[in-house]
$ cat protein.pdb   # PDB, C-alpha atoms and all ligand atoms
ATOM      1  CA  MET A   1       0.000   0.000   0.000  1.00  0.00           C
ATOM      2  CA  SER A   2       1.270   3.498  -0.828  1.00  0.00           C
ATOM      3  CA  ILE A   3       0.741   6.578   1.337  1.00  0.00           C
ATOM      4  CA  PHE A   4      -1.576   7.836  -1.420  1.00  0.00           C
ATOM      5  CA  ASP A   5      -3.801   4.742  -1.178  1.00  0.00           C
ATOM      6  CA  ALA A   6      -3.905   5.061   2.617  1.00  0.00           C
ATOM      7  CA  LEU A   7      -4.913   8.736   2.488  1.00  0.00           C
ATOM      8  CA  LYS A   8      -7.545   8.059  -0.190  1.00  0.00           C
ATOM      9  CA  GLU A   9      -9.238   5.395   1.956  1.00  0.00           C
ATOM     10  CA  SER A  10      -9.989   8.028   4.573  1.00  0.00           C
ATOM     11  CA  HIS A  11     -10.901  10.627   1.924  1.00  0.00           C
ATOM     12  CA  GLU A  12     -13.599   8.266   0.627  1.00  0.00           C
ATOM     13  CA  ARG A  13     -15.035   7.902   4.135  1.00  0.00           C
ATOM     14  CA  GLN A  14     -14.900  11.696   4.550  1.00  0.00           C
ATOM     15  CA  ARG A  15     -16.789  12.216   1.268  1.00  0.00           C
ATOM     16  CA  ALA A  16     -19.459   9.687   2.260  1.00  0.00           C
ATOM     17  CA  LEU A  17     -19.892  11.084   5.791  1.00  0.00           C
ATOM     18  CA  SER A  18     -20.027  14.710   4.651  1.00  0.00           C
ATOM     19  CA  GLU A  19     -22.765  13.773   2.166  1.00  0.00           C
ATOM     20  CA  GLN A  20     -24.660  11.867   4.892  1.00  0.00           C
ATOM     21  CA  LEU A  21     -24.336  14.895   7.181  1.00  0.00           C
ATOM     22  CA  LEU A  22     -26.254  17.042   4.681  1.00  0.00           C
ATOM     23  CA  ALA A  23     -28.938  14.380   4.228  1.00  0.00           C
ATOM     24  CA  ALA A  24     -29.486  13.425   7.894  1.00  0.00           C
ATOM     25  CA  PRO A  25     -33.121  14.274   8.721  1.00  0.00           C
ATOM     26  CA  THR A  26     -33.191  14.369  12.540  1.00  0.00           C
ATOM     27  CA  PRO A  27     -30.963  15.987  15.204  1.00  0.00           C
ATOM     28  CA  GLU A  28     -30.058  12.498  16.512  1.00  0.00           C
ATOM     29  CA  GLN A  29     -28.904  11.357  13.074  1.00  0.00           C
ATOM     30  CA  LYS A  30     -27.072  14.633  12.414  1.00  0.00           C
ATOM     31  CA  LEU A  31     -25.198  14.153  15.708  1.00  0.00           C
ATOM     32  CA  SER A  32     -24.191  10.559  15.063  1.00  0.00           C
ATOM     33  CA  VAL A  33     -22.972  11.282  11.506  1.00  0.00           C
ATOM     34  CA  TYR A  34     -21.200  14.431  12.681  1.00  0.00           C
ATOM     35  CA  GLU A  35     -19.378  12.584  15.483  1.00  0.00           C
ATOM     36  CA  ALA A  36     -18.172   9.939  13.015  1.00  0.00           C
ATOM     37  CA  LEU A  37     -16.993  12.653  10.594  1.00  0.00           C
ATOM     38  CA  ARG A  38     -15.260  14.591  13.373  1.00  0.00           C
ATOM     39  CA  MET A  39     -13.327  11.488  14.497  1.00  0.00           C
ATOM     40  CA  GLU A  40     -12.376  10.690  10.901  1.00  0.00           C
ATOM     41  CA  LEU A  41     -11.179  14.243  10.214  1.00  0.00           C
ATOM     42  CA  HIS A  42      -9.182  14.573  13.431  1.00  0.00           C
ATOM     43  CA  ALA A  43      -7.493  11.158  13.150  1.00  0.00           C
ATOM     44  CA  HIS A  44      -6.776  11.740   9.463  1.00  0.00           C
ATOM     45  CA  ALA A  45      -5.357  15.253   9.890  1.00  0.00           C
ATOM     46  CA  ALA A  46      -3.060  14.182  12.751  1.00  0.00           C
ATOM     47  CA  ALA A  47      -1.716  11.149  10.864  1.00  0.00           C
ATOM     48  CA  GLU A  48      -1.553  12.991   7.520  1.00  0.00           C
ATOM     49  CA  GLU A  49       0.347  15.964   8.940  1.00  0.00           C
ATOM     50  CA  ARG A  50       2.913  13.670  10.604  1.00  0.00           C
ATOM     51  CA  ASN A  51       3.375  11.153   7.803  1.00  0.00           C
ATOM     52  CA  PHE A  52       2.752  13.146   4.630  1.00  0.00           C
ATOM     53  CA  TYR A  53       3.141  16.898   5.111  1.00  0.00           C
ATOM     54  CA  MET A  54       6.085  16.780   7.535  1.00  0.00           C
ATOM     55  CA  PRO A  55       8.346  14.848   5.139  1.00  0.00           C
ATOM     56  CA  LEU A  56       7.182  17.108   2.276  1.00  0.00           C
ATOM     57  CA  MET A  57       7.915  20.222   4.321  1.00  0.00           C
ATOM     58  CA  GLU A  58      11.518  19.125   4.708  1.00  0.00           C
ATOM     59  CA  ARG A  59      11.965  19.914   1.005  1.00  0.00           C
ATOM     60  CA  ASP A  60      11.672  23.478  -0.332  1.00  0.00           C
ATOM     61  CA  SER A  61       9.431  22.250  -3.150  1.00  0.00           C
ATOM     62  CA  GLY A  62       6.948  20.818  -0.644  1.00  0.00           C
ATOM     63  CA  LEU A  63       6.713  23.831   1.638  1.00  0.00           C
ATOM     64  CA  ASP A  64       3.891  25.820   0.031  1.00  0.00           C
ATOM     65  CA  LEU A  65       1.508  22.941  -0.560  1.00  0.00           C
ATOM     66  CA  SER A  66       2.029  21.697   3.001  1.00  0.00           C
ATOM     67  CA  ARG A  67       1.353  25.117   4.496  1.00  0.00           C
ATOM     68  CA  HIS A  68      -1.766  25.472   2.404  1.00  0.00           C
ATOM     69  CA  ALA A  69      -3.128  22.065   3.418  1.00  0.00           C
ATOM     70  CA  ILE A  70      -2.374  22.497   7.121  1.00  0.00           C
ATOM     71  CA  HIS A  71      -4.092  25.903   7.038  1.00  0.00           C
ATOM     72  CA  GLU A  72      -7.198  24.211   5.638  1.00  0.00           C
ATOM     73  CA  HIS A  73      -7.029  21.629   8.457  1.00  0.00           C
ATOM     74  CA  HIS A  74      -7.179  24.583  10.882  1.00  0.00           C
ATOM     75  CA  LEU A  75     -10.212  26.053   9.102  1.00  0.00           C
ATOM     76  CA  MET A  76     -12.035  22.722   9.420  1.00  0.00           C
ATOM     77  CA  ASP A  77     -11.042  22.520  13.111  1.00  0.00           C
ATOM     78  CA  GLU A  78     -12.592  25.954  13.686  1.00  0.00           C
ATOM     79  CA  MET A  79     -15.831  24.906  11.997  1.00  0.00           C
ATOM     80  CA  MET A  80     -15.958  21.802  14.209  1.00  0.00           C
ATOM     81  CA  GLU A  81     -15.349  23.944  17.311  1.00  0.00           C
ATOM     82  CA  ASP A  82     -18.337  26.107  16.302  1.00  0.00           C
ATOM     83  CA  LEU A  83     -20.501  23.019  15.776  1.00  0.00           C
ATOM     84  CA  ASP A  84     -19.365  21.546  19.119  1.00  0.00           C
ATOM     85  CA  ASP A  85     -20.222  24.801  20.924  1.00  0.00           C
ATOM     86  CA  MET A  86     -23.709  24.783  19.417  1.00  0.00           C
ATOM     87  CA  ILE A  87     -24.172  21.119  20.370  1.00  0.00           C
ATOM     88  CA  LYS A  88     -23.371  22.034  24.001  1.00  0.00           C
ATOM     89  CA  LYS A  89     -26.100  24.692  23.823  1.00  0.00           C
ATOM     90  CA  ASP A  90     -28.525  22.139  22.422  1.00  0.00           C
ATOM     91  CA  LYS A  91     -28.687  23.965  19.090  1.00  0.00           C
ATOM     92  CA  ILE A  92     -28.007  20.988  16.836  1.00  0.00           C
ATOM     93  CA  GLY A  93     -30.215  21.141  13.764  1.00  0.00           C
ATOM     94  CA  VAL A  94     -31.094  24.843  14.059  1.00  0.00           C
ATOM     95  CA  ASP A  95     -30.476  26.859  10.860  1.00  0.00           C
ATOM     96  CA  GLU A  96     -27.098  28.142  12.056  1.00  0.00           C
ATOM     97  CA  TRP A  97     -25.882  24.623  12.860  1.00  0.00           C
ATOM     98  CA  ASP A  98     -27.025  23.351   9.468  1.00  0.00           C
ATOM     99  CA  GLU A  99     -25.282  26.250   7.760  1.00  0.00           C
ATOM    100  CA  VAL A 100     -21.924  25.566   9.444  1.00  0.00           C
ATOM    101  CA  ALA A 101     -22.340  21.815   8.837  1.00  0.00           C
ATOM    102  CA  GLY A 102     -22.987  22.606   5.154  1.00  0.00           C
ATOM    103  CA  ASN A 103     -19.850  24.764   5.017  1.00  0.00           C
ATOM    104  CA  LEU A 104     -17.823  21.981   6.646  1.00  0.00           C
ATOM    105  CA  SER A 105     -19.145  19.427   4.171  1.00  0.00           C
ATOM    106  CA  HIS A 106     -18.266  21.717   1.264  1.00  0.00           C
ATOM    107  CA  ARG A 107     -14.803  22.406   2.677  1.00  0.00           C
ATOM    108  CA  VAL A 108     -14.061  18.698   3.223  1.00  0.00           C
ATOM    109  CA  ASN A 109     -14.875  17.938  -0.406  1.00  0.00           C
ATOM    110  CA  HIS A 110     -12.830  20.848  -1.709  1.00  0.00           C
ATOM    111  CA  HIS A 111      -9.878  19.849   0.472  1.00  0.00           C
ATOM    112  CA  VAL A 112      -9.717  16.150  -0.433  1.00  0.00           C
ATOM    113  CA  ASP A 113     -10.210  16.967  -4.137  1.00  0.00           C
ATOM    114  CA  GLU A 114      -7.375  19.473  -4.006  1.00  0.00           C
ATOM    115  CA  GLU A 115      -5.095  17.037  -2.200  1.00  0.00           C
ATOM    116  CA  GLU A 116      -5.764  14.211  -4.652  1.00  0.00           C
ATOM    117  CA  ASN A 117      -5.713  16.282  -7.846  1.00  0.00           C
ATOM    118  CA  LYS A 118      -3.056  18.851  -7.052  1.00  0.00           C
ATOM    119  CA  PHE A 119      -0.901  17.810  -4.097  1.00  0.00           C
ATOM    120  CA  PHE A 120      -0.572  14.059  -4.707  1.00  0.00           C
ATOM    121  CA  PRO A 121       0.956  14.517  -8.198  1.00  0.00           C
ATOM    122  CA  LYS A 122       3.465  17.014  -6.763  1.00  0.00           C
ATOM    123  CA  ALA A 123       4.245  14.710  -3.829  1.00  0.00           C
ATOM    124  CA  ARG A 124       4.908  11.810  -6.241  1.00  0.00           C
ATOM    125  CA  GLU A 125       7.707  13.915  -7.732  1.00  0.00           C
ATOM    126  CA  ILE A 126       9.148  14.823  -4.330  1.00  0.00           C
ATOM    127  CA  LEU A 127       9.008  11.506  -2.406  1.00  0.00           C
ATOM    128  CA  ASP A 128      10.979   8.421  -3.439  1.00  0.00           C
ATOM    129  CA  ASP A 129       9.447   4.948  -3.852  1.00  0.00           C
ATOM    130  CA  SER A 130      10.518   3.591  -0.466  1.00  0.00           C
ATOM    131  CA  GLU A 131       9.125   6.660   1.336  1.00  0.00           C
ATOM    132  CA  ILE A 132       5.824   6.338  -0.526  1.00  0.00           C
ATOM    133  CA  LYS A 133       5.527   2.813   0.853  1.00  0.00           C
ATOM    134  CA  ASN A 134       6.958   3.336   4.353  1.00  0.00           C
ATOM    135  CA  LEU A 135       4.905   6.446   5.083  1.00  0.00           C
ATOM    136  CA  ALA A 136       1.702   4.413   4.630  1.00  0.00           C
ATOM    137  CA  LYS A 137       2.710   2.215   7.553  1.00  0.00           C
ATOM    138  CA  GLY A 138       3.345   5.195   9.844  1.00  0.00           C
ATOM    139  CA  TYR A 139       0.135   6.844   8.704  1.00  0.00           C
ATOM    140  CA  ASN A 140      -1.987   3.755   9.403  1.00  0.00           C
ATOM    141  CA  GLU A 141      -0.412   3.289  12.844  1.00  0.00           C
ATOM    142  CA  ASP A 142      -0.925   6.941  13.825  1.00  0.00           C
ATOM    143  CA  PHE A 143      -4.502   6.937  12.525  1.00  0.00           C
ATOM    144  CA  ALA A 144      -5.382   3.842  14.594  1.00  0.00           C
ATOM    145  CA  GLU A 145      -3.609   5.201  17.674  1.00  0.00           C
ATOM    146  CA  TYR A 146      -5.506   8.493  17.480  1.00  0.00           C
ATOM    147  CA  GLN A 147      -8.808   6.650  17.241  1.00  0.00           C
ATOM    148  CA  ASN A 148      -7.955   4.378  20.182  1.00  0.00           C
ATOM    149  CA  ASN A 149      -6.945   7.331  22.365  1.00  0.00           C
ATOM    150  CA  ASN A 150     -10.019   9.387  21.539  1.00  0.00           C
ATOM    151  CA  VAL A 151     -12.937   7.032  21.798  1.00  0.00           C
ATOM    152  CA  ALA A 152     -16.060   9.023  22.639  1.00  0.00           C
TER     153      ALA A 152
HETATM  154 FE    FE A 201      -5.682  17.074   4.544  1.00  0.00          FE
HETATM  155 FE    FE A 202      -6.251  14.215   3.356  1.00  0.00          FE
END

$ encode --input "protein.pdb" --output "structure tokens"
Amino acid sequence: MSIFDALKESHERQRALSEQLLAAPTPEQKLSVYEALRMELHAHAAAEERNFYMPLMERDSGLDLSRHAIHEHHLMDEMMEDLDDMIKKDKIGVDEWDEVAGNLSHRVNHHVDEEENKFFPKAREILDDSEIKNLAKGYNEDFAEYQNNNVA
């Protein structure tokens, strides 16, 4: 398995969950889909930053794309903080919550598309074959560890 295959597996789950988030009809279903998406995004971002963007950032040619992607991770974190705050105030499913959830869903799709279409081709030029393979192992381990340490 390559690091690209490993990242794409999570991207597919992110796409599916962000679509389900828009379609969920009740507050209970919105909450359960949102919690699954939040776990996926947090575990993925932590493992992706450590095992994909950090090695890319070590090279000058990988600096800009890594900064851009990590900035987008922050934007998604802020949207999730807003959603979490509203959940605490029992405002899940009000118009404002749905609007931020819609923005998050849109942002997730934009981000994974940009990574796959723009950043992966550049990363293939920067990383060598053994890194492409070895980074997948580190990514999968870090992803699983994050999930185990952050069970709801
Ligand atoms: Fe990302
Ligand atoms: Fe990603």

$ resolve_selection --input "protein.pdb" --expression "the PyMOL selection byres (((chain A and resi 135) around 10) and not hetatm)" --output "number ranges by chain"
A: 1-4, 6, 47-48, 50-52, 55, 127, 130-134, 136-141

$ closest_residue --input "protein.pdb" --among "A:Gly93, A:Val108, A:Pro25, A:Ala69" --to "A:Arg13" --atoms "all atoms listed in the file"
A:Val108

$ closest_atom_pairs --input "protein.pdb" --of "chain A" --to "ligand FE 201 (chain A)" --cutoff "12 Å" --atoms "all atoms listed in the file" --output "CSV"
residue,atom,partner,partner_atom,distance
A:Phe4,CA,A:FE201,FE,11.7
A:Leu7,CA,A:FE201,FE,8.6
A:Lys8,CA,A:FE201,FE,10.4
A:Ser10,CA,A:FE201,FE,10.0
A:His11,CA,A:FE201,FE,8.7
A:Gln14,CA,A:FE201,FE,10.7
A:Glu40,CA,A:FE201,FE,11.2
A:Leu41,CA,A:FE201,FE,8.4
A:His42,CA,A:FE201,FE,9.9
A:Ala43,CA,A:FE201,FE,10.6
A:His44,CA,A:FE201,FE,7.3
A:Ala45,CA,A:FE201,FE,5.7
A:Ala46,CA,A:FE201,FE,9.1
A:Ala47,CA,A:FE201,FE,9.5
A:Glu48,CA,A:FE201,FE,6.5
A:Glu49,CA,A:FE201,FE,7.5
A:Arg50,CA,A:FE201,FE,11.1
A:Asn51,CA,A:FE201,FE,11.3
A:Phe52,CA,A:FE201,FE,9.3
A:Tyr53,CA,A:FE201,FE,8.8
A:Leu65,CA,A:FE201,FE,10.6
A:Ser66,CA,A:FE201,FE,9.1
A:Arg67,CA,A:FE201,FE,10.7
A:His68,CA,A:FE201,FE,9.5
A:Ala69,CA,A:FE201,FE,5.7
A:Ile70,CA,A:FE201,FE,6.9
A:His71,CA,A:FE201,FE,9.3
A:Glu72,CA,A:FE201,FE,7.4
A:His73,CA,A:FE201,FE,6.2
A:His74,CA,A:FE201,FE,9.9
A:Leu75,CA,A:FE201,FE,11.0
A:Met76,CA,A:FE201,FE,9.8
A:Asp77,CA,A:FE201,FE,11.5
A:Arg107,CA,A:FE201,FE,10.7
A:Val108,CA,A:FE201,FE,8.6
A:Asn109,CA,A:FE201,FE,10.5
A:His110,CA,A:FE201,FE,10.2
A:His111,CA,A:FE201,FE,6.5
A:Val112,CA,A:FE201,FE,6.5
A:Asp113,CA,A:FE201,FE,9.8
A:Glu114,CA,A:FE201,FE,9.0
A:Glu115,CA,A:FE201,FE,6.8
A:Glu116,CA,A:FE201,FE,9.6
A:Phe119,CA,A:FE201,FE,9.9
A:Phe120,CA,A:FE201,FE,11.0

$ atom_distance --input "protein.pdb" --atom1 "atom CA of A:Ala144" --atom2 "atom CA of A:Gln29"
24.7 Å

$ closest_residue --input "protein.pdb" --among "A:Arg15, A:Gly62, A:Asp90, A:Arg38" --to "A:Pro121" --atoms "only C-alpha atoms"
A:Gly62

$ closest_residue --input "protein.pdb" --among "A:Lys30, A:Lys118, A:Glu35, A:Asn150" --to "ligand FE 202 (chain A)" --atoms "all atoms listed in the file"
A:Lys118

$ atom_distance --input "protein.pdb" --atom1 "atom CA of A:Ala23" --atom2 "atom CA of A:Glu9"
21.8 Å

$ atom_distance --input "protein.pdb" --atom1 "atom CA of A:Ser105" --atom2 "atom CA of A:Met57"
27.1 Å

$ closest_residue --input "protein.pdb" --among "A:Asn117, A:Glu28, A:Glu96, A:Met86" --to "ligand FE 202 (chain A)" --atoms "only C-alpha atoms and all ligand atoms"
A:Asn117

$ closest_residue --input "protein.pdb" --among "A:Ile92, A:Val100, A:Leu56, A:Leu63" --to "A:Ser32" --atoms "only C-alpha atoms"
A:Ile92

$ closest_residue --input "protein.pdb" --among "A:Glu145, A:Asp64, A:Glu78, A:Asp84" --to "A:Lys122" --atoms "only C-alpha atoms"
A:Asp64

$ build_atoms --input "protein.pdb" --residues "stretch 65-88 of chain A" --atoms "N, CA and C atoms" --output "compact mmCIF listing (two decimals), keeping the file's coordinate frame"
# COMPACT_ATOMS: atom_id res chain seq x y z
N LEU A 65 2.70 23.79 -0.55
CA LEU A 65 1.51 22.94 -0.56
C LEU A 65 1.20 22.44 0.85
N SER A 66 2.25 22.17 1.64
CA SER A 66 2.03 21.70 3.00
C SER A 66 1.41 22.79 3.87
N ARG A 67 1.92 24.00 3.73
CA ARG A 67 1.35 25.12 4.50
C ARG A 67 -0.11 25.32 4.15
N HIS A 68 -0.40 25.26 2.88
CA HIS A 68 -1.77 25.47 2.40
C HIS A 68 -2.70 24.41 3.00
N ALA A 69 -2.27 23.16 2.94
CA ALA A 69 -3.13 22.06 3.42
C ALA A 69 -3.33 22.15 4.93
N ILE A 70 -2.26 22.45 5.66
CA ILE A 70 -2.37 22.50 7.12
C ILE A 70 -3.25 23.68 7.54
N HIS A 71 -3.19 24.78 6.79
CA HIS A 71 -4.09 25.90 7.04
C HIS A 71 -5.55 25.46 6.87
N GLU A 72 -5.82 24.68 5.84
CA GLU A 72 -7.20 24.21 5.64
C GLU A 72 -7.63 23.27 6.77
N HIS A 73 -6.69 22.46 7.30
CA HIS A 73 -7.03 21.63 8.46
C HIS A 73 -7.49 22.52 9.62
N HIS A 74 -6.79 23.65 9.81
CA HIS A 74 -7.18 24.58 10.88
C HIS A 74 -8.58 25.14 10.65
N LEU A 75 -8.88 25.50 9.40
CA LEU A 75 -10.21 26.05 9.10
C LEU A 75 -11.30 25.02 9.44
N MET A 76 -11.05 23.77 9.10
CA MET A 76 -12.04 22.72 9.42
C MET A 76 -12.14 22.53 10.93
N ASP A 77 -11.01 22.61 11.63
CA ASP A 77 -11.04 22.52 13.11
C ASP A 77 -11.93 23.62 13.70
N GLU A 78 -11.79 24.84 13.16
CA GLU A 78 -12.59 25.95 13.69
C GLU A 78 -14.08 25.73 13.44
N MET A 79 -14.42 25.20 12.26
CA MET A 79 -15.83 24.91 12.00
C MET A 79 -16.35 23.85 12.98
N MET A 80 -15.52 22.84 13.26
CA MET A 80 -15.96 21.80 14.21
C MET A 80 -16.08 22.36 15.62
N GLU A 81 -15.20 23.30 16.00
CA GLU A 81 -15.35 23.94 17.31
C GLU A 81 -16.67 24.69 17.40
N ASP A 82 -17.05 25.39 16.32
CA ASP A 82 -18.34 26.11 16.30
C ASP A 82 -19.49 25.12 16.44
N LEU A 83 -19.42 24.01 15.69
CA LEU A 83 -20.50 23.02 15.78
C LEU A 83 -20.57 22.41 17.18
N ASP A 84 -19.39 22.12 17.76
CA ASP A 84 -19.36 21.55 19.12
C ASP A 84 -19.97 22.51 20.15
N ASP A 85 -19.65 23.81 20.01
CA ASP A 85 -20.22 24.80 20.92
C ASP A 85 -21.74 24.82 20.82
N MET A 86 -22.25 24.76 19.59
CA MET A 86 -23.71 24.78 19.42
C MET A 86 -24.34 23.51 19.97
N ILE A 87 -23.64 22.38 19.82
CA ILE A 87 -24.17 21.12 20.37
C ILE A 87 -24.32 21.24 21.89
N LYS A 88 -23.31 21.85 22.54
CA LYS A 88 -23.37 22.03 24.00
C LYS A 88 -24.57 22.89 24.40
